[in-house]
>>> print(open('target25.cif').read())   # mmCIF, C-alpha atoms and all ligand atoms; chains and numbers go by the auth columns
data_run
#
loop_
_atom_site.group_PDB
_atom_site.id
_atom_site.type_symbol
_atom_site.label_atom_id
_atom_site.label_comp_id
_atom_site.label_asym_id
_atom_site.label_seq_id
_atom_site.Cartn_x
_atom_site.Cartn_y
_atom_site.Cartn_z
_atom_site.B_iso_or_equiv
_atom_site.auth_seq_id
_atom_site.auth_asym_id
ATOM 1 C CA MET A 1 -10.875 -9.246 20.472 0.00 1 A
ATOM 2 C CA ASP A 2 -8.031 -11.038 18.771 0.00 2 A
ATOM 3 C CA GLN A 3 -8.426 -14.649 19.763 0.00 3 A
ATOM 4 C CA THR A 4 -7.279 -16.188 16.550 0.00 4 A
ATOM 5 C CA THR A 5 -3.538 -15.733 16.813 0.00 5 A
ATOM 6 C CA LYS A 6 -1.497 -17.682 19.346 0.00 6 A
ATOM 7 C CA HIS A 7 -0.534 -14.607 21.288 0.00 7 A
ATOM 8 C CA GLY A 8 -4.148 -13.415 21.123 0.00 8 A
ATOM 9 C CA ILE A 9 -5.298 -16.615 22.827 0.00 9 A
ATOM 10 C CA LEU A 10 -2.546 -16.421 25.419 0.00 10 A
ATOM 11 C CA HIS A 11 -3.286 -12.757 26.031 0.00 11 A
ATOM 12 C CA GLU A 12 -6.925 -13.566 26.686 0.00 12 A
ATOM 13 C CA HIS A 13 -6.010 -16.369 29.058 0.00 13 A
ATOM 14 C CA LEU A 14 -3.623 -14.170 31.030 0.00 14 A
ATOM 15 C CA ARG A 15 -6.102 -11.326 31.122 0.00 15 A
ATOM 16 C CA ARG A 16 -8.654 -13.622 32.759 0.00 16 A
ATOM 17 C CA LEU A 17 -6.069 -14.945 35.172 0.00 17 A
ATOM 18 C CA ILE A 18 -5.191 -11.380 36.176 0.00 18 A
ATOM 19 C CA GLU A 19 -8.780 -10.311 36.561 0.00 19 A
ATOM 20 C CA ARG A 20 -10.054 -13.337 38.411 0.00 20 A
ATOM 21 C CA GLU A 21 -7.253 -15.001 40.267 0.00 21 A
ATOM 22 C CA LEU A 22 -4.173 -12.921 40.772 0.00 22 A
ATOM 23 C CA ALA A 23 -3.827 -10.171 43.371 0.00 23 A
ATOM 24 C CA PRO A 24 -2.270 -6.790 42.525 0.00 24 A
ATOM 25 C CA HIS A 25 1.526 -7.081 42.414 0.00 25 A
ATOM 26 C CA ALA A 26 1.431 -10.887 42.173 0.00 26 A
ATOM 27 C CA ARG A 27 4.074 -12.251 39.838 0.00 27 A
ATOM 28 C CA LEU A 28 3.040 -13.934 36.618 0.00 28 A
ATOM 29 C CA PRO A 29 4.721 -17.217 35.691 0.00 29 A
ATOM 30 C CA ALA A 30 8.066 -16.755 33.926 0.00 30 A
ATOM 31 C CA GLU A 31 8.157 -16.452 30.124 0.00 31 A
ATOM 32 C CA ARG A 32 9.754 -19.870 29.837 0.00 32 A
ATOM 33 C CA GLU A 33 7.072 -21.508 31.984 0.00 33 A
ATOM 34 C CA LEU A 34 4.282 -19.877 30.004 0.00 34 A
ATOM 35 C CA ALA A 35 5.864 -20.968 26.740 0.00 35 A
ATOM 36 C CA GLU A 36 6.048 -24.572 27.956 0.00 36 A
ATOM 37 C CA GLN A 37 2.587 -24.572 29.481 0.00 37 A
ATOM 38 C CA PHE A 38 0.952 -23.277 26.320 0.00 38 A
ATOM 39 C CA GLY A 39 3.211 -24.942 23.820 0.00 39 A
ATOM 40 C CA VAL A 40 4.134 -21.628 22.180 0.00 40 A
ATOM 41 C CA SER A 41 7.405 -19.829 21.512 0.00 41 A
ATOM 42 C CA ARG A 42 8.975 -17.313 23.896 0.00 42 A
ATOM 43 C CA MET A 43 8.353 -14.731 21.182 0.00 43 A
ATOM 44 C CA THR A 44 4.607 -15.403 21.355 0.00 44 A
ATOM 45 C CA VAL A 45 4.677 -15.107 25.147 0.00 45 A
ATOM 46 C CA ARG A 46 6.542 -11.840 24.867 0.00 46 A
ATOM 47 C CA GLN A 47 3.987 -10.433 22.426 0.00 47 A
ATOM 48 C CA ALA A 48 1.134 -11.322 24.783 0.00 48 A
ATOM 49 C CA LEU A 49 2.938 -9.770 27.755 0.00 49 A
ATOM 50 C CA GLU A 50 3.775 -6.637 25.795 0.00 50 A
ATOM 51 C CA ARG A 51 0.146 -6.206 24.958 0.00 51 A
ATOM 52 C CA LEU A 52 -0.878 -6.613 28.597 0.00 52 A
ATOM 53 C CA GLU A 53 1.736 -4.034 29.495 0.00 53 A
ATOM 54 C CA ARG A 54 0.376 -1.570 26.946 0.00 54 A
ATOM 55 C CA GLU A 55 -3.052 -2.106 28.455 0.00 55 A
ATOM 56 C CA ARG A 56 -1.543 -1.395 31.880 0.00 56 A
ATOM 57 C CA ARG A 57 -2.698 -4.702 33.240 0.00 57 A
ATOM 58 C CA VAL A 58 0.850 -5.685 34.142 0.00 58 A
ATOM 59 C CA TYR A 59 4.168 -4.011 34.744 0.00 59 A
ATOM 60 C CA ARG A 60 7.573 -5.497 34.185 0.00 60 A
ATOM 61 C CA VAL A 61 10.630 -5.226 36.352 0.00 61 A
ATOM 62 C CA ARG A 62 13.882 -6.015 34.612 0.00 62 A
ATOM 63 C CA GLY A 63 15.410 -9.182 35.982 0.00 63 A
ATOM 64 C CA ALA A 64 12.486 -9.814 38.338 0.00 64 A
ATOM 65 C CA GLY A 65 9.531 -10.624 36.112 0.00 65 A
ATOM 66 C CA THR A 66 6.059 -9.442 35.205 0.00 66 A
ATOM 67 C CA PHE A 67 3.619 -8.332 37.889 0.00 67 A
ATOM 68 C CA VAL A 68 -0.077 -7.590 38.081 0.00 68 A
ATOM 69 C CA ALA A 69 -0.753 -3.862 38.015 0.00 69 A
ATOM 70 C CA ARG A 70 -3.459 -2.243 40.050 0.00 70 A
ATOM 71 C CA PRO A 71 -6.417 -0.818 38.118 0.00 71 A
ATOM 72 C CA ALA A 72 -5.020 1.639 35.611 0.00 72 A
ATOM 73 C CA ILE A 73 -6.175 4.707 37.467 0.00 73 A
ATOM 74 C CA THR A 74 -6.487 4.911 41.204 0.00 74 A
ATOM 75 C CA LYS A 75 -7.721 8.004 42.902 0.00 75 A
ATOM 76 C CA GLY A 76 -6.740 9.156 46.369 0.00 76 A
ATOM 77 C CA ILE A 77 -8.907 11.130 48.736 0.00 77 A
ATOM 78 C CA GLU A 78 -7.534 14.579 47.964 0.00 78 A
ATOM 79 C CA LEU A 79 -9.890 17.030 46.318 0.00 79 A
ATOM 80 C CA THR A 80 -8.449 17.068 42.835 0.00 80 A
ATOM 81 C CA SER A 81 -9.761 17.751 39.370 0.00 81 A
ATOM 82 C CA PHE A 82 -9.944 15.206 36.599 0.00 82 A
ATOM 83 C CA SER A 83 -7.134 17.048 34.788 0.00 83 A
ATOM 84 C CA GLU A 84 -4.892 16.870 37.854 0.00 84 A
ATOM 85 C CA ASP A 85 -5.658 13.174 38.366 0.00 85 A
ATOM 86 C CA MET A 86 -4.670 12.351 34.813 0.00 86 A
ATOM 87 C CA ARG A 87 -1.623 14.589 34.776 0.00 87 A
ATOM 88 C CA GLY A 88 -0.406 12.859 37.935 0.00 88 A
ATOM 89 C CA ARG A 89 -0.411 9.600 36.021 0.00 89 A
ATOM 90 C CA GLY A 90 1.306 10.922 32.961 0.00 90 A
ATOM 91 C CA LEU A 91 -1.889 10.915 30.910 0.00 91 A
ATOM 92 C CA ARG A 92 -3.330 13.714 28.836 0.00 92 A
ATOM 93 C CA ALA A 93 -6.738 14.819 30.102 0.00 93 A
ATOM 94 C CA GLY A 94 -9.351 15.779 27.563 0.00 94 A
ATOM 95 C CA SER A 95 -13.016 16.649 27.334 0.00 95 A
ATOM 96 C CA VAL A 96 -15.689 16.140 24.760 0.00 96 A
ATOM 97 C CA LEU A 97 -18.409 18.650 25.454 0.00 97 A
ATOM 98 C CA ARG A 98 -21.862 17.093 25.217 0.00 98 A
ATOM 99 C CA SER A 99 -23.928 20.090 26.207 0.00 99 A
ATOM 100 C CA ALA A 100 -23.686 23.329 28.163 0.00 100 A
ATOM 101 C CA GLY A 101 -26.483 25.672 29.130 0.00 101 A
ATOM 102 C CA ILE A 102 -28.407 27.446 31.841 0.00 102 A
ATOM 103 C CA THR A 103 -31.322 25.692 33.536 0.00 103 A
ATOM 104 C CA ALA A 104 -33.340 25.845 36.723 0.00 104 A
ATOM 105 C CA ALA A 105 -31.551 24.045 39.553 0.00 105 A
ATOM 106 C CA GLY A 106 -34.401 21.677 40.369 0.00 106 A
ATOM 107 C CA ALA A 107 -34.877 20.104 43.766 0.00 107 A
ATOM 108 C CA GLU A 108 -31.822 17.866 44.022 0.00 108 A
ATOM 109 C CA VAL A 109 -29.130 20.122 42.571 0.00 109 A
ATOM 110 C CA GLY A 110 -30.746 23.113 44.306 0.00 110 A
ATOM 111 C CA PHE A 111 -30.589 21.353 47.635 0.00 111 A
ATOM 112 C CA ALA A 112 -26.906 20.484 47.165 0.00 112 A
ATOM 113 C CA LEU A 113 -25.990 24.033 46.116 0.00 113 A
ATOM 114 C CA GLY A 114 -28.169 25.788 48.681 0.00 114 A
ATOM 115 C CA LEU A 115 -30.417 27.256 45.973 0.00 115 A
ATOM 116 C CA SER A 116 -34.160 27.207 45.520 0.00 116 A
ATOM 117 C CA PRO A 117 -35.286 24.867 42.711 0.00 117 A
ATOM 118 C CA ALA A 118 -36.121 27.812 40.428 0.00 118 A
ATOM 119 C CA GLU A 119 -32.725 29.502 40.702 0.00 119 A
ATOM 120 C CA GLU A 120 -30.444 29.266 37.689 0.00 120 A
ATOM 121 C CA VAL A 121 -27.485 26.982 37.369 0.00 121 A
ATOM 122 C CA VAL A 122 -24.962 26.418 34.609 0.00 122 A
ATOM 123 C CA HIS A 123 -25.039 22.780 33.524 0.00 123 A
ATOM 124 C CA VAL A 124 -22.011 21.377 31.725 0.00 124 A
ATOM 125 C CA SER A 125 -21.972 17.783 30.503 0.00 125 A
ATOM 126 C CA ARG A 126 -18.697 16.274 29.315 0.00 126 A
ATOM 127 C CA VAL A 127 -17.088 12.984 28.446 0.00 127 A
ATOM 128 C CA ARG A 128 -13.666 13.037 30.080 0.00 128 A
ATOM 129 C CA THR A 129 -10.826 11.283 28.315 0.00 129 A
ATOM 130 C CA ALA A 130 -7.350 10.091 29.249 0.00 130 A
ATOM 131 C CA ASP A 131 -4.989 9.972 26.281 0.00 131 A
ATOM 132 C CA GLY A 132 -8.114 10.055 24.142 0.00 132 A
ATOM 133 C CA VAL A 133 -9.777 7.080 25.893 0.00 133 A
ATOM 134 C CA PRO A 134 -13.155 7.841 27.502 0.00 134 A
ATOM 135 C CA MET A 135 -12.939 7.470 31.282 0.00 135 A
ATOM 136 C CA CYS A 136 -16.072 9.058 32.639 0.00 136 A
ATOM 137 C CA VAL A 137 -19.214 10.946 31.795 0.00 137 A
ATOM 138 C CA GLU A 138 -19.423 14.010 33.974 0.00 138 A
ATOM 139 C CA ASP A 139 -22.260 16.436 34.637 0.00 139 A
ATOM 140 C CA SER A 140 -21.499 19.583 36.631 0.00 140 A
ATOM 141 C CA TRP A 141 -23.921 22.192 37.901 0.00 141 A
ATOM 142 C CA LEU A 142 -22.746 25.554 39.230 0.00 142 A
ATOM 143 C CA PRO A 143 -24.787 28.491 40.555 0.00 143 A
ATOM 144 C CA ALA A 144 -25.163 30.796 37.538 0.00 144 A
ATOM 145 C CA ALA A 145 -24.655 33.854 39.740 0.00 145 A
ATOM 146 C CA ALA A 146 -21.244 32.583 40.867 0.00 146 A
ATOM 147 C CA VAL A 147 -19.845 32.061 37.356 0.00 147 A
ATOM 148 C CA PRO A 148 -21.189 34.819 35.084 0.00 148 A
ATOM 149 C CA GLY A 149 -20.152 34.319 31.460 0.00 149 A
ATOM 150 C CA LEU A 150 -18.818 30.806 32.010 0.00 150 A
ATOM 151 C CA LEU A 151 -20.554 29.607 28.860 0.00 151 A
ATOM 152 C CA ASP A 152 -18.944 32.317 26.741 0.00 152 A
ATOM 153 C CA GLY A 153 -15.470 30.871 27.228 0.00 153 A
ATOM 154 C CA ALA A 154 -13.972 27.570 26.109 0.00 154 A
ATOM 155 C CA LEU A 155 -15.100 24.527 28.059 0.00 155 A
ATOM 156 C CA ASP A 156 -12.649 22.007 26.705 0.00 156 A
ATOM 157 C CA GLY A 157 -10.007 22.584 29.376 0.00 157 A
ATOM 158 C CA SER A 158 -10.015 22.217 33.147 0.00 158 A
ATOM 159 C CA LEU A 159 -13.157 23.549 34.799 0.00 159 A
ATOM 160 C CA TYR A 160 -11.406 23.895 38.152 0.00 160 A
ATOM 161 C CA GLU A 161 -8.631 25.909 36.568 0.00 161 A
ATOM 162 C CA THR A 162 -11.180 28.198 34.947 0.00 162 A
ATOM 163 C CA LEU A 163 -12.915 28.640 38.305 0.00 163 A
ATOM 164 C CA LEU A 164 -9.628 29.620 39.876 0.00 164 A
ATOM 165 C CA VAL A 165 -8.206 31.820 37.155 0.00 165 A
ATOM 166 C CA ARG A 166 -11.365 33.520 35.988 0.00 166 A
ATOM 167 C CA TYR A 167 -13.505 33.618 39.106 0.00 167 A
ATOM 168 C CA ARG A 168 -10.929 33.326 41.902 0.00 168 A
ATOM 169 C CA ILE A 169 -12.879 30.371 43.200 0.00 169 A
ATOM 170 C CA SER A 170 -10.600 27.937 44.954 0.00 170 A
ATOM 171 C CA LEU A 171 -12.243 24.658 45.846 0.00 171 A
ATOM 172 C CA ARG A 172 -11.208 23.553 49.309 0.00 172 A
ATOM 173 C CA ARG A 173 -13.275 20.536 50.258 0.00 173 A
ATOM 174 C CA ALA A 174 -16.032 18.345 48.920 0.00 174 A
ATOM 175 C CA GLU A 175 -18.688 16.013 50.170 0.00 175 A
ATOM 176 C CA GLN A 176 -18.605 12.916 48.085 0.00 176 A
ATOM 177 C CA THR A 177 -20.551 9.703 47.646 0.00 177 A
ATOM 178 C CA ILE A 178 -19.183 6.795 45.649 0.00 178 A
ATOM 179 C CA ARG A 179 -21.596 4.109 44.597 0.00 179 A
ATOM 180 C CA ALA A 180 -21.831 1.279 42.138 0.00 180 A
ATOM 181 C CA THR A 181 -24.131 1.234 39.153 0.00 181 A
ATOM 182 C CA VAL A 182 -24.841 -0.650 35.973 0.00 182 A
ATOM 183 C CA LEU A 183 -24.256 1.281 32.749 0.00 183 A
ATOM 184 C CA ASP A 184 -27.272 2.079 30.660 0.00 184 A
ATOM 185 C CA ARG A 185 -26.954 1.862 26.872 0.00 185 A
ATOM 186 C CA ASP A 186 -26.364 5.573 26.267 0.00 186 A
ATOM 187 C CA THR A 187 -23.698 6.022 28.926 0.00 187 A
ATOM 188 C CA ALA A 188 -21.976 2.790 27.892 0.00 188 A
ATOM 189 C CA ALA A 189 -21.866 4.016 24.284 0.00 189 A
ATOM 190 C CA LEU A 190 -20.263 7.289 25.405 0.00 190 A
ATOM 191 C CA LEU A 191 -17.676 5.339 27.397 0.00 191 A
ATOM 192 C CA GLU A 192 -17.157 2.900 24.532 0.00 192 A
ATOM 193 C CA VAL A 193 -17.777 -0.145 26.736 0.00 193 A
ATOM 194 C CA PRO A 194 -20.510 -2.807 26.599 0.00 194 A
ATOM 195 C CA ALA A 195 -23.900 -1.856 28.025 0.00 195 A
ATOM 196 C CA PHE A 196 -24.941 -3.204 31.422 0.00 196 A
ATOM 197 C CA GLY A 197 -21.365 -3.447 32.685 0.00 197 A
ATOM 198 C CA PRO A 198 -20.389 -2.063 36.092 0.00 198 A
ATOM 199 C CA ALA A 199 -19.460 1.559 36.738 0.00 199 A
ATOM 200 C CA LEU A 200 -18.612 3.819 39.653 0.00 200 A
ATOM 201 C CA VAL A 201 -20.703 6.896 40.247 0.00 201 A
ATOM 202 C CA VAL A 202 -19.120 9.746 42.152 0.00 202 A
ATOM 203 C CA GLU A 203 -21.452 12.448 43.394 0.00 203 A
ATOM 204 C CA ARG A 204 -19.631 15.509 44.603 0.00 204 A
ATOM 205 C CA THR A 205 -20.587 18.797 46.169 0.00 205 A
ATOM 206 C CA ALA A 206 -17.509 21.023 46.211 0.00 206 A
ATOM 207 C CA PHE A 207 -17.108 24.073 48.451 0.00 207 A
ATOM 208 C CA ASP A 208 -15.001 27.193 47.917 0.00 208 A
ATOM 209 C CA GLN A 209 -12.664 29.081 50.242 0.00 209 A
ATOM 210 C CA ARG A 210 -15.654 30.593 52.027 0.00 210 A
ATOM 211 C CA ASP A 211 -17.304 27.208 52.333 0.00 211 A
ATOM 212 C CA ARG A 212 -20.009 28.044 49.816 0.00 212 A
ATOM 213 C CA PRO A 213 -21.166 25.135 47.655 0.00 213 A
ATOM 214 C CA VAL A 214 -19.994 25.905 44.118 0.00 214 A
ATOM 215 C CA GLU A 215 -20.273 22.685 42.183 0.00 215 A
ATOM 216 C CA ARG A 216 -22.560 19.703 42.198 0.00 216 A
ATOM 217 C CA ALA A 217 -21.210 16.966 39.960 0.00 217 A
ATOM 218 C CA VAL A 218 -22.157 13.453 39.027 0.00 218 A
ATOM 219 C CA SER A 219 -19.394 11.469 37.340 0.00 219 A
ATOM 220 C CA THR A 220 -19.815 7.952 35.994 0.00 220 A
ATOM 221 C CA TYR A 221 -16.490 6.164 35.701 0.00 221 A
ATOM 222 C CA ARG A 222 -15.664 2.964 33.866 0.00 222 A
ATOM 223 C CA ALA A 223 -15.089 0.385 36.580 0.00 223 A
ATOM 224 C CA ASP A 224 -12.499 -1.462 34.516 0.00 224 A
ATOM 225 C CA ARG A 225 -10.149 1.511 34.453 0.00 225 A
ATOM 226 C CA TYR A 226 -10.792 3.323 37.663 0.00 226 A
ATOM 227 C CA ALA A 227 -10.526 2.597 41.374 0.00 227 A
ATOM 228 C CA PHE A 228 -10.600 4.699 44.511 0.00 228 A
ATOM 229 C CA GLU A 229 -7.874 4.365 47.034 0.00 229 A
ATOM 230 C CA LEU A 230 -8.213 5.450 50.658 0.00 230 A
ATOM 231 C CA GLU A 231 -5.975 5.200 53.640 0.00 231 A
ATOM 232 C CA VAL A 232 -8.076 4.167 56.595 0.00 232 A
ATOM 233 C CA THR A 233 -6.968 4.483 60.193 0.00 233 A
ATOM 234 C CA ARG A 234 -8.310 2.779 63.244 0.00 234 A
ATOM 235 C CA PRO A 235 -10.246 5.060 65.603 0.00 235 A
ATOM 236 C CA GLY A 236 -8.818 5.808 69.031 0.00 236 A
HETATM 237 C C1 LIG B . -13.461 15.684 38.917 0.00 1 B
HETATM 238 C C2 LIG B . -14.721 15.910 39.735 0.00 1 B
HETATM 239 C C3 LIG B . -15.695 16.838 39.061 0.00 1 B
HETATM 240 C C4 LIG B . -15.033 18.085 38.529 0.00 1 B
HETATM 241 C C5 LIG B . -13.814 17.724 37.697 0.00 1 B
HETATM 242 C C6 LIG B . -13.061 18.962 37.265 0.00 1 B
HETATM 243 O O1 LIG B . -13.693 14.833 37.859 0.00 1 B
HETATM 244 N N1 LIG B . -15.372 14.649 40.043 0.00 1 B
HETATM 245 O O2 LIG B . -16.671 17.206 40.018 0.00 1 B
HETATM 246 O O3 LIG B . -15.913 18.844 37.740 0.00 1 B
HETATM 247 O O4 LIG B . -12.943 16.902 38.423 0.00 1 B
HETATM 248 O O5 LIG B . -12.043 18.556 36.406 0.00 1 B
HETATM 249 P P1 LIG B . -11.361 19.537 35.376 0.00 1 B
HETATM 250 O O6 LIG B . -10.824 20.677 36.164 0.00 1 B
HETATM 251 O O7 LIG B . -10.326 18.723 34.722 0.00 1 B
HETATM 252 O O8 LIG B . -12.429 19.991 34.427 0.00 1 B
#
>>> encode(input="target25.cif", output="structure tokens")
Amino acid sequence: MDQTTKHGILHEHLRRLIERELAPHARLPAERELAEQFGVSRMTVRQALERLERERRVYRVRGAGTFVARPAITKGIELTSFSEDMRGRGLRAGSVLRSAGITAAGAEVGFALGLSPAEEVVHVSRVRTADGVPMCVEDSWLPAAAVPGLLDGALDGSLYETLLVRYRISLRRAEQTIRATVLDRDTAALLEVPAFGPALVVERTAFDQRDRPVERAVSTYRADRYAFELEVTRPG
């Protein structure tokens, strides 16, 4: 981290302020105020703010000021793919394939997919990226019988698109659990963040148009770049 230059120090101070004290959409002090408070030039303030903007921690509204952005990526409750989520935010989705193969389902994945533990599943493990930045580590298991030849094709694009185009499988709903975790060393290294930081784990079982379970997935998202957004309504 660049804490040696004046704007580096200011950037770090503002980053902490945003993370710890300011609510989303709160306005940051004006450039002039920041310059006075820190005894730096307006140019230095501008450099620090520009950097925060590039990092998507703030957004600027001409004539109104600089405001705290929400976490860079927020995800609604629709059943969408990673590629669709990123596209919706103007980011380029990518995948780095870690491994792909056929294994026995095992008890947990088998239970989720309605298979016996010995039945075969295709297991695909990927690091998902947004504009080249790692966002999550994602493991997907699919019944091998439902996706014959999946491993023969490319696996660097959208899995859900492949399911639709190649297998006419259209995912309609999913059962999902979101929980917190602490990153182990290996996962943190894949996500290029420090070990033992927080992460969000999303466990999904997705069902097709005939309500058959087709995918079990466990995705571990960086908590600093990802949030889930739900609209909640009051019962009755
Ligand atoms: C999300 C889901 C995964 C799913 C993936 C498909 O990340 N949590 O369960 O495998 O989307 O994304 P894509 O179609 O981009 O491969």
>>> resolve_selection(input="target25.cif", expression="the PyMOL selection byres (((chain A and resi 141) around 12) and not hetatm)", output="mmCIF file with C-alpha atoms, keeping the file's coordinate frame")
data_model
loop_
_atom_site.group_PDB
_atom_site.id
_atom_site.type_symbol
_atom_site.label_atom_id
_atom_site.label_comp_id
_atom_site.auth_asym_id
_atom_site.auth_seq_id
_atom_site.Cartn_x
_atom_site.Cartn_y
_atom_site.Cartn_z
ATOM 1 C CA SER A 99 -23.928 20.090 26.207
ATOM 2 C CA ALA A 100 -23.686 23.329 28.163
ATOM 3 C CA GLY A 101 -26.483 25.672 29.130
ATOM 4 C CA ILE A 102 -28.407 27.446 31.841
ATOM 5 C CA THR A 103 -31.322 25.692 33.536
ATOM 6 C CA ALA A 104 -33.340 25.845 36.723
ATOM 7 C CA ALA A 105 -31.551 24.045 39.553
ATOM 8 C CA GLY A 106 -34.401 21.677 40.369
ATOM 9 C CA GLU A 108 -31.822 17.866 44.022
ATOM 10 C CA VAL A 109 -29.130 20.122 42.571
ATOM 11 C CA GLY A 110 -30.746 23.113 44.306
ATOM 12 C CA PHE A 111 -30.589 21.353 47.635
ATOM 13 C CA ALA A 112 -26.906 20.484 47.165
ATOM 14 C CA LEU A 113 -25.990 24.033 46.116
ATOM 15 C CA LEU A 115 -30.417 27.256 45.973
ATOM 16 C CA GLU A 119 -32.725 29.502 40.702
ATOM 17 C CA GLU A 120 -30.444 29.266 37.689
ATOM 18 C CA VAL A 121 -27.485 26.982 37.369
ATOM 19 C CA VAL A 122 -24.962 26.418 34.609
ATOM 20 C CA HIS A 123 -25.039 22.780 33.524
ATOM 21 C CA VAL A 124 -22.011 21.377 31.725
ATOM 22 C CA SER A 125 -21.972 17.783 30.503
ATOM 23 C CA ARG A 126 -18.697 16.274 29.315
ATOM 24 C CA GLU A 138 -19.423 14.010 33.974
ATOM 25 C CA ASP A 139 -22.260 16.436 34.637
ATOM 26 C CA SER A 140 -21.499 19.583 36.631
ATOM 27 C CA LEU A 142 -22.746 25.554 39.230
ATOM 28 C CA PRO A 143 -24.787 28.491 40.555
ATOM 29 C CA ALA A 144 -25.163 30.796 37.538
ATOM 30 C CA ALA A 145 -24.655 33.854 39.740
ATOM 31 C CA ALA A 146 -21.244 32.583 40.867
ATOM 32 C CA VAL A 147 -19.845 32.061 37.356
ATOM 33 C CA LEU A 150 -18.818 30.806 32.010
ATOM 34 C CA LEU A 159 -13.157 23.549 34.799
ATOM 35 C CA GLU A 203 -21.452 12.448 43.394
ATOM 36 C CA ARG A 204 -19.631 15.509 44.603
ATOM 37 C CA THR A 205 -20.587 18.797 46.169
ATOM 38 C CA ALA A 206 -17.509 21.023 46.211
ATOM 39 C CA PRO A 213 -21.166 25.135 47.655
ATOM 40 C CA VAL A 214 -19.994 25.905 44.118
ATOM 41 C CA GLU A 215 -20.273 22.685 42.183
ATOM 42 C CA ARG A 216 -22.560 19.703 42.198
ATOM 43 C CA ALA A 217 -21.210 16.966 39.960
ATOM 44 C CA VAL A 218 -22.157 13.453 39.027
ATOM 45 C CA SER A 219 -19.394 11.469 37.340
#
>>> closest_residue(input="target25.cif", among="A:Arg60, A:Arg70, A:Arg128, A:Arg210", to="Arg27 in chain A", atoms="all atoms listed in the file")
A:Arg60
>>> residues_around(input="target25.cif", residues="range 62-68 of chain A", least_positions_apart="3", cutoff="10 Å", atoms="only C-alpha atoms", output="CSV table (one decimal) with C-alpha atoms, in the coordinates of the input")
chain,number,residue,atom,x,y,z
A,15,ARG,CA,-6.1,-11.3,31.1
A,17,LEU,CA,-6.1,-14.9,35.2
A,18,ILE,CA,-5.2,-11.4,36.2
A,19,GLU,CA,-8.8,-10.3,36.6
A,22,LEU,CA,-4.2,-12.9,40.8
A,23,ALA,CA,-3.8,-10.2,43.4
A,24,PRO,CA,-2.3,-6.8,42.5
A,25,HIS,CA,1.5,-7.1,42.4
A,26,ALA,CA,1.4,-10.9,42.2
A,27,ARG,CA,4.1,-12.3,39.8
A,28,LEU,CA,3.0,-13.9,36.6
A,29,PRO,CA,4.7,-17.2,35.7
A,30,ALA,CA,8.1,-16.8,33.9
A,31,GLU,CA,8.2,-16.5,30.1
A,49,LEU,CA,2.9,-9.8,27.8
A,52,LEU,CA,-0.9,-6.6,28.6
A,53,GLU,CA,1.7,-4.0,29.5
A,56,ARG,CA,-1.5,-1.4,31.9
A,57,ARG,CA,-2.7,-4.7,33.2
A,58,VAL,CA,0.8,-5.7,34.1
A,59,TYR,CA,4.2,-4.0,34.7
A,71,PRO,CA,-6.4,-0.8,38.1
>>> resolve_selection(input="target25.cif", expression="the PyMOL selection byres (((chain A and resi 43-46) around 7) and not hetatm)", output="PyMOL selection string")
chain A and resi 6-7+31+34-35+40-42+47-50
>>> axis_aligned_box(input="target25.cif", around="ligand LIG 1 (chain B)", padding_each_side="5 Å", output="JSON")
{"center_x": -13.5, "center_y": 17.7, "center_z": 37.2, "size_x": 16.3, "size_y": 16.0, "size_z": 15.6}
>>> closest_residue(input="target25.cif", among="A:Glu192, A:Asp131, A:Glu231, A:Glu84", to="ligand LIG 1 (chain B)", atoms="only C-alpha atoms and all ligand atoms")
A:Glu84
>>> resolve_selection(input="target25.cif", expression="the PyMOL selection byres (((chain A and resi 81) around 12) and not hetatm)", output="short mmCIF file (atom, residue, chain, number, x, y, z; two decimals) with C-alpha atoms, keeping the file's coordinate frame")
data_model
loop_
_atom_site.label_atom_id
_atom_site.label_comp_id
_atom_site.auth_asym_id
_atom_site.auth_seq_id
_atom_site.Cartn_x
_atom_site.Cartn_y
_atom_site.Cartn_z
CA LYS A 75 -7.72 8.00 42.90
CA GLY A 76 -6.74 9.16 46.37
CA ILE A 77 -8.91 11.13 48.74
CA GLU A 78 -7.53 14.58 47.96
CA LEU A 79 -9.89 17.03 46.32
CA THR A 80 -8.45 17.07 42.84
CA PHE A 82 -9.94 15.21 36.60
CA SER A 83 -7.13 17.05 34.79
CA GLU A 84 -4.89 16.87 37.85
CA ASP A 85 -5.66 13.17 38.37
CA MET A 86 -4.67 12.35 34.81
CA ARG A 87 -1.62 14.59 34.78
CA GLY A 88 -0.41 12.86 37.94
CA ALA A 93 -6.74 14.82 30.10
CA GLY A 94 -9.35 15.78 27.56
CA ARG A 128 -13.67 13.04 30.08
CA GLU A 138 -19.42 14.01 33.97
CA GLY A 157 -10.01 22.58 29.38
CA SER A 158 -10.02 22.22 33.15
CA LEU A 159 -13.16 23.55 34.80
CA TYR A 160 -11.41 23.90 38.15
CA GLU A 161 -8.63 25.91 36.57
CA THR A 162 -11.18 28.20 34.95
CA LEU A 163 -12.92 28.64 38.30
CA LEU A 164 -9.63 29.62 39.88
CA SER A 170 -10.60 27.94 44.95
CA LEU A 171 -12.24 24.66 45.85
CA ARG A 172 -11.21 23.55 49.31
CA ARG A 173 -13.28 20.54 50.26
CA ALA A 174 -16.03 18.34 48.92
CA ARG A 204 -19.63 15.51 44.60
CA ALA A 206 -17.51 21.02 46.21
CA GLU A 215 -20.27 22.68 42.18
CA ALA A 217 -21.21 16.97 39.96
CA SER A 219 -19.39 11.47 37.34
#
>>> atom_distance(input="target25.cif", atom1="CA of Leu191 in chain A", atom2="CA of Pro134 in chain A")
5.2 Å
>>> atom_distance(input="target25.cif", atom1="CA of Asp156 in chain A", atom2="atom O8 of ligand LIG 1 (chain B)")
8.0 Å
>>> atom_distance(input="target25.cif", atom1="CA of Pro194 in chain A", atom2="CA of Val127 in chain A")
16.3 Å
>>> closest_residue(input="target25.cif", among="A:Ile178, A:Val193, A:Ala69, A:Leu230", to="Met135 in chain A", atoms="all atoms listed in the file")
A:Val193
